[in-house]
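Q: The file below is model.tsv, TSV, C-alpha atoms:
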chain	number	residue	atom	x	y	z
A	4	MET	CA	-32.48	-19.60	-22.19
A	5	THR	CA	-32.80	-23.34	-22.10
A	6	ASP	CA	-33.51	-25.81	-19.33
A	7	GLN	CA	-29.84	-26.83	-19.36
A	8	ASN	CA	-28.98	-23.36	-17.99
A	9	ILE	CA	-31.22	-23.72	-14.94
A	10	PRO	CA	-28.52	-25.18	-12.62
A	11	ALA	CA	-26.17	-22.29	-13.43
A	12	TYR	CA	-28.91	-19.73	-12.85
A	13	ALA	CA	-29.83	-21.44	-9.57
A	14	ARG	CA	-26.20	-21.38	-8.37
A	15	LEU	CA	-25.82	-17.71	-9.20
A	16	ALA	CA	-29.15	-16.92	-7.53
A	17	ASP	CA	-27.91	-18.66	-4.38
A	18	GLN	CA	-24.73	-16.60	-4.46
A	19	ILE	CA	-26.64	-13.36	-4.99
A	20	VAL	CA	-28.85	-14.17	-2.00
A	21	ALA	CA	-25.66	-14.81	0.02
A	22	LEU	CA	-24.61	-11.21	-0.72
A	23	LYS	CA	-27.61	-10.09	1.35
A	24	LEU	CA	-25.97	-11.72	4.37
A	25	LEU	CA	-22.40	-10.58	3.69
A	26	PRO	CA	-21.65	-7.42	5.67
A	27	ARG	CA	-19.31	-4.80	4.28
A	28	VAL	CA	-16.21	-5.45	6.33
A	29	GLY	CA	-14.94	-1.88	6.30
A	30	TRP	CA	-17.93	-0.77	8.34
A	31	LEU	CA	-17.44	-3.64	10.81
A	32	GLN	CA	-13.79	-2.61	11.23
A	33	ARG	CA	-15.02	0.82	12.27
A	34	GLY	CA	-17.28	-0.53	14.98
A	35	ILE	CA	-20.59	-0.42	13.14
A	36	ALA	CA	-22.48	-3.40	14.55
A	37	ASN	CA	-25.29	-3.60	12.01
A	38	ALA	CA	-23.24	-2.86	8.92
A	39	GLU	CA	-24.94	-2.81	5.55
A	40	SER	CA	-24.58	-5.91	3.39
A	41	VAL	CA	-22.87	-6.03	0.03
A	42	ALA	CA	-26.31	-6.43	-1.57
A	43	GLU	CA	-27.64	-3.35	0.25
A	44	HIS	CA	-24.64	-1.39	-1.02
A	45	SER	CA	-25.22	-2.64	-4.58
A	46	PHE	CA	-28.89	-1.66	-4.38
A	47	GLY	CA	-27.91	1.80	-3.13
A	48	LEU	CA	-25.44	2.17	-5.97
A	49	ALA	CA	-27.99	1.04	-8.56
A	50	ALA	CA	-30.58	3.45	-7.13
A	51	LEU	CA	-28.11	6.36	-7.32
A	52	ALA	CA	-27.18	5.30	-10.86
A	53	LEU	CA	-30.85	5.38	-11.84
A	54	ILE	CA	-31.36	8.80	-10.27
A	55	PHE	CA	-28.22	10.44	-11.65
A	56	THR	CA	-28.72	9.09	-15.18
A	57	ALA	CA	-32.44	9.85	-15.44
A	58	ALA	CA	-31.79	13.13	-17.22
A	59	ASP	CA	-28.34	12.35	-18.66
A	60	ASP	CA	-28.46	11.20	-22.27
A	61	SER	CA	-24.66	11.24	-22.54
A	62	VAL	CA	-24.40	7.76	-20.98
A	63	ASP	CA	-25.91	4.38	-21.74
A	64	ARG	CA	-28.25	4.04	-18.75
A	65	GLU	CA	-28.77	0.30	-19.23
A	66	ARG	CA	-25.01	-0.37	-19.13
A	67	VAL	CA	-24.59	1.89	-16.09
A	68	LEU	CA	-27.31	0.02	-14.20
A	69	ALA	CA	-25.98	-3.38	-15.27
A	70	MET	CA	-22.45	-2.45	-14.13
A	71	ALA	CA	-23.80	-1.17	-10.82
A	72	LEU	CA	-25.52	-4.49	-10.22
A	73	VAL	CA	-22.61	-6.69	-11.31
A	74	HIS	CA	-19.76	-4.67	-9.77
A	75	ASP	CA	-19.62	-6.66	-6.49
A	76	VAL	CA	-21.11	-10.03	-7.51
A	77	ALA	CA	-17.65	-11.65	-7.28
A	78	GLU	CA	-17.67	-10.91	-3.56
A	79	ALA	CA	-20.10	-13.81	-3.20
A	80	LEU	CA	-17.05	-16.06	-3.63
A	81	ILE	CA	-14.11	-13.96	-2.40
A	82	GLY	CA	-15.81	-11.94	0.30
A	83	ASP	CA	-15.72	-8.22	0.89
A	84	LEU	CA	-12.08	-7.20	1.03
A	85	PRO	CA	-11.65	-4.01	3.04
A	86	PHE	CA	-9.20	-1.32	2.00
A	87	SER	CA	-6.65	-2.59	4.54
A	88	ALA	CA	-6.54	-5.98	2.77
A	89	ARG	CA	-6.45	-4.44	-0.69
A	90	ARG	CA	-3.57	-2.25	0.36
A	91	LEU	CA	-1.58	-5.33	1.38
A	92	ILE	CA	-2.42	-7.70	-1.47
A	93	GLY	CA	-2.44	-5.08	-4.20
A	94	GLU	CA	-5.10	-3.99	-6.61
A	95	ALA	CA	-3.95	-6.37	-9.37
A	96	VAL	CA	-4.32	-9.44	-7.14
A	97	LYS	CA	-7.74	-8.30	-5.96
A	98	ARG	CA	-8.91	-7.60	-9.50
A	99	ASP	CA	-7.63	-10.97	-10.76
A	100	ALA	CA	-9.42	-12.82	-7.94
A	101	GLU	CA	-12.64	-10.93	-8.66
A	102	ARG	CA	-12.37	-11.70	-12.36
A	103	ARG	CA	-11.81	-15.41	-11.72
A	104	ALA	CA	-14.75	-15.50	-9.29
A	105	LEU	CA	-17.02	-13.74	-11.78
A	106	ILE	CA	-15.98	-16.16	-14.52
A	107	GLU	CA	-16.77	-19.09	-12.23
A	108	LEU	CA	-20.18	-17.64	-11.45
A	109	CYS	CA	-21.18	-16.26	-14.84
A	110	ALA	CA	-19.40	-18.23	-17.58
A	111	PRO	CA	-21.87	-21.17	-17.33
A	112	LEU	CA	-24.81	-18.81	-17.96
A	113	ALA	CA	-26.30	-18.04	-21.34
A	114	GLY	CA	-25.13	-14.46	-21.78
A	115	GLY	CA	-22.65	-14.78	-18.93
A	116	GLU	CA	-19.82	-13.49	-21.07
A	117	ARG	CA	-21.72	-10.19	-21.38
A	118	LEU	CA	-21.79	-9.86	-17.59
A	119	ILE	CA	-18.07	-10.61	-17.42
A	120	ARG	CA	-17.34	-7.98	-20.10
A	121	LEU	CA	-19.43	-5.41	-18.22
A	122	TRP	CA	-17.48	-6.11	-15.03
A	123	GLU	CA	-14.17	-5.88	-16.93
A	124	GLU	CA	-15.26	-2.55	-18.41
A	125	TYR	CA	-16.15	-1.36	-14.91
A	126	ALA	CA	-12.93	-2.64	-13.31
A	127	ALA	CA	-10.78	-0.97	-15.97
A	128	GLY	CA	-12.75	2.28	-15.93
A	129	ALA	CA	-12.63	1.89	-19.70
A	130	THR	CA	-15.68	4.02	-20.57
A	131	ARG	CA	-17.51	7.04	-19.27
A	132	GLU	CA	-20.22	4.68	-17.99
A	133	ALA	CA	-17.65	2.64	-16.05
A	134	ARG	CA	-16.07	5.76	-14.56
A	135	LEU	CA	-19.53	7.01	-13.59
A	136	VAL	CA	-20.30	3.75	-11.78
A	137	LYS	CA	-16.93	3.93	-9.99
A	138	ALA	CA	-17.66	7.51	-8.97
A	139	LEU	CA	-21.17	6.59	-7.81
A	140	ASP	CA	-19.72	3.66	-5.86
A	141	ARG	CA	-17.67	6.17	-3.89
A	142	VAL	CA	-20.61	8.54	-3.54
A	143	GLU	CA	-22.86	5.76	-2.23
A	144	THR	CA	-20.25	4.98	0.42
A	145	LEU	CA	-20.31	8.64	1.50
A	146	VAL	CA	-24.12	8.62	1.67
A	147	GLN	CA	-23.87	5.54	3.90
A	148	ALA	CA	-21.10	7.08	6.02
A	149	LEU	CA	-23.28	10.15	6.60
A	150	ALA	CA	-26.20	7.91	7.61
A	151	TYR	CA	-23.98	6.06	10.09
A	152	GLU	CA	-22.66	9.33	11.49
A	153	ARG	CA	-26.20	10.65	11.93
A	154	ALA	CA	-26.93	7.45	13.88
A	155	GLY	CA	-24.07	8.30	16.25
A	156	ASN	CA	-21.18	6.35	14.76
A	157	ARG	CA	-17.79	8.03	14.73
A	158	LEU	CA	-14.36	7.22	13.35
A	159	LEU	CA	-15.55	7.80	9.80
A	160	ASP	CA	-13.57	10.98	9.05
A	161	GLU	CA	-11.24	9.09	6.69
A	162	PHE	CA	-14.08	8.65	4.21
A	163	TRP	CA	-14.43	12.40	3.85
A	164	ILE	CA	-10.76	13.19	3.17
A	165	ASP	CA	-10.50	14.32	-0.45
A	166	ALA	CA	-14.14	13.26	-0.92
A	167	THR	CA	-14.44	14.95	-4.32
A	168	ALA	CA	-11.05	13.85	-5.65
A	169	GLY	CA	-11.45	12.05	-8.95
A	170	LEU	CA	-14.99	13.31	-9.52
A	171	GLU	CA	-13.99	16.14	-11.88
A	172	GLU	CA	-15.52	14.34	-14.87
A	173	PHE	CA	-18.90	14.48	-13.12
A	174	PRO	CA	-19.53	17.99	-11.76
A	175	VAL	CA	-23.02	17.10	-10.53
A	176	LEU	CA	-21.52	14.37	-8.32
A	177	MET	CA	-18.94	16.84	-7.00
A	178	ALA	CA	-21.74	19.24	-6.09
A	179	PHE	CA	-23.71	16.40	-4.47
A	180	VAL	CA	-20.71	15.33	-2.37
A	181	ASP	CA	-20.12	18.96	-1.37
A	182	ARG	CA	-23.73	19.06	-0.19
A	183	LEU	CA	-23.27	15.82	1.79
A	184	ALA	CA	-20.15	17.28	3.44
A	185	ALA	CA	-22.03	20.48	4.28
A	186	GLN	CA	-24.85	18.45	5.86
A	187	ARG	CA	-22.24	16.54	7.84
A	188	ASN	CA	-20.62	19.70	9.13
A	189	GLY	CA	-23.80	21.73	9.50
Step by step, read the file and then write its structure as structure tokens.
A:
Amino acid sequence: MTDQNIPAYARLADQIVALKLLPRVGWLQRGIANAESVAEHSFGLAALALIFTAADDSVDRERVLAMALVHDVAEALIGDLPFSARRLIGEAVKRDAERRALIELCAPLAGGERLIRLWEEYAAGATREARLVKALDRVETLVQALAYERAGNRLLDEFWIDATAGLEEFPVLMAFVDRLAAQRNG
């Protein structure tokens, strides 16, 4: 790292801080007044990644954690697009916008291309690590949904429909989600 990289690092740091103030829109759409921020979600995902990979030597833990942290950084520029928007604009448009935003944020950094490649790996689900982060992203949302329901929020049933679909590659996550669902219904 050289002094010439400092402005790029400062800009990205500003954008990361902005993620702390950016609420997850899907929760707001469901009437949750104090919705978690994108940064809170990313922290939750990274924490789950750390926990679920602690005893799993079949994945590269460092890459999993890095993907968990970088997976939503582009939202600092494009915002948090809820499922309703993604459904209308299409996944390809969303992914292209995220990629362009991440390039704008990370390309000026020393090592920025590594962050972009990690995000591309994640977005494509190209490796077991990427698929694990995608699965954990879903699981973290269910953990948050359960927390909101315990606090008295309703209208979150849609999150639980087919909650374990697509988790077959990770039986421990399926069992964890089954436990969350049992707690919800118990």
Q: With distances taken over all atoms listed in the file, which of A:Glu43, A:Glu116, A:Glu161, A:Glu171 is nearest to Asp75 in chain A?
A: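 Residue with the minimum atom-to-atom distance to Asp75 in chain A: A:Glu43.
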Q: Tell me, as a VMD selection string, which residues lie within 8 Å of Leu51 in chain A, counting only C-alpha atoms; anything in the same chain fewer than 4 positions away does not count.
A: chain A and resid 47 55 139 143
Q: Selected residues, C-alpha atoms, written as a PDB file, in the coordinates of the input, please.
A:
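Saved the output as again.pdb:
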ATOM      1  CA  GLY A  47     -27.910   1.800  -3.130  1.00  0.00           C
ATOM      2  CA  PHE A  55     -28.220  10.440 -11.650  1.00  0.00           C
ATOM      3  CA  LEU A 139     -21.170   6.590  -7.810  1.00  0.00           C
ATOM      4  CA  GLU A 143     -22.860   5.760  -2.230  1.00  0.00           C
TER       5      GLU A 143
END
Q: Using Å and a single decimal, report how far CA of Ala57 in chain A sits from CA of Leu135 in chain A.
A: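 For CA of Leu135 in chain A relative to CA of Ala57 in chain A, the distance reads 13.3 Å.
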Q: Applying 7 Å and all atoms listed in the file, which residues near Trp122 in chain A remain after dropping the ones on its own chain fewer than 4 positions away? List them as a PDB file with C-alpha atoms, in the coordinates of the input.
A:
ATOM      1  CA  MET A  70     -22.450  -2.450 -14.130  1.00  0.00           C
ATOM      2  CA  VAL A  73     -22.610  -6.690 -11.310  1.00  0.00           C
ATOM      3  CA  HIS A  74     -19.760  -4.670  -9.770  1.00  0.00           C
ATOM      4  CA  LEU A 118     -21.790  -9.860 -17.590  1.00  0.00           C
ATOM      5  CA  ALA A 126     -12.930  -2.640 -13.310  1.00  0.00           C
TER       6      ALA A 126
END
Q: Kindly provide, as a list in words, the polymer residues lying within 12 Å of (-10.6, 14.3, -0.7), counting all atoms listed in the file and using the coordinates exactly as they appear in the file.
A: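 Neighbouring residues, ordered by chain and number, come to Arg141, Val142, Leu145, Asp160, Glu161, Phe162, Trp163, Ile164, Asp165, Ala166, Thr167, Ala168, Gly169, Leu170, Glu171, Met177, Val180, Asp181 and Ala184 of chain A.
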Q: Take the residues from that selection and write them out as a tab-separated table (two decimals), in the frame of the given file, keeping C-alpha atoms.
A:
chain	number	residue	atom	x	y	z
A	141	ARG	CA	-17.67	6.17	-3.89
A	142	VAL	CA	-20.61	8.54	-3.54
A	145	LEU	CA	-20.31	8.64	1.50
A	160	ASP	CA	-13.57	10.98	9.05
A	161	GLU	CA	-11.24	9.09	6.69
A	162	PHE	CA	-14.08	8.65	4.21
A	163	TRP	CA	-14.43	12.40	3.85
A	164	ILE	CA	-10.76	13.19	3.17
A	165	ASP	CA	-10.50	14.32	-0.45
A	166	ALA	CA	-14.14	13.26	-0.92
A	167	THR	CA	-14.44	14.95	-4.32
A	168	ALA	CA	-11.05	13.85	-5.65
A	169	GLY	CA	-11.45	12.05	-8.95
A	170	LEU	CA	-14.99	13.31	-9.52
A	171	GLU	CA	-13.99	16.14	-11.88
A	177	MET	CA	-18.94	16.84	-7.00
A	180	VAL	CA	-20.71	15.33	-2.37
A	181	ASP	CA	-20.12	18.96	-1.37
A	184	ALA	CA	-20.15	17.28	3.44
Q: Let me make sure I understand: among A:Ala110, A:Arg153, A:Asp83, A:Val67, which one has the smallest atom-to-atom distance to Ala42 in chain A if we use all atoms listed in the file?
A: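 Answer, going by the shortest atom-to-atom distance: A:Asp83.
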Q: Quick one, how far is CA of Gln32 in chain A from CA of Asp140 in chain A?
A: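 Rounded to one decimal, the two atoms are 19.1 Å apart.
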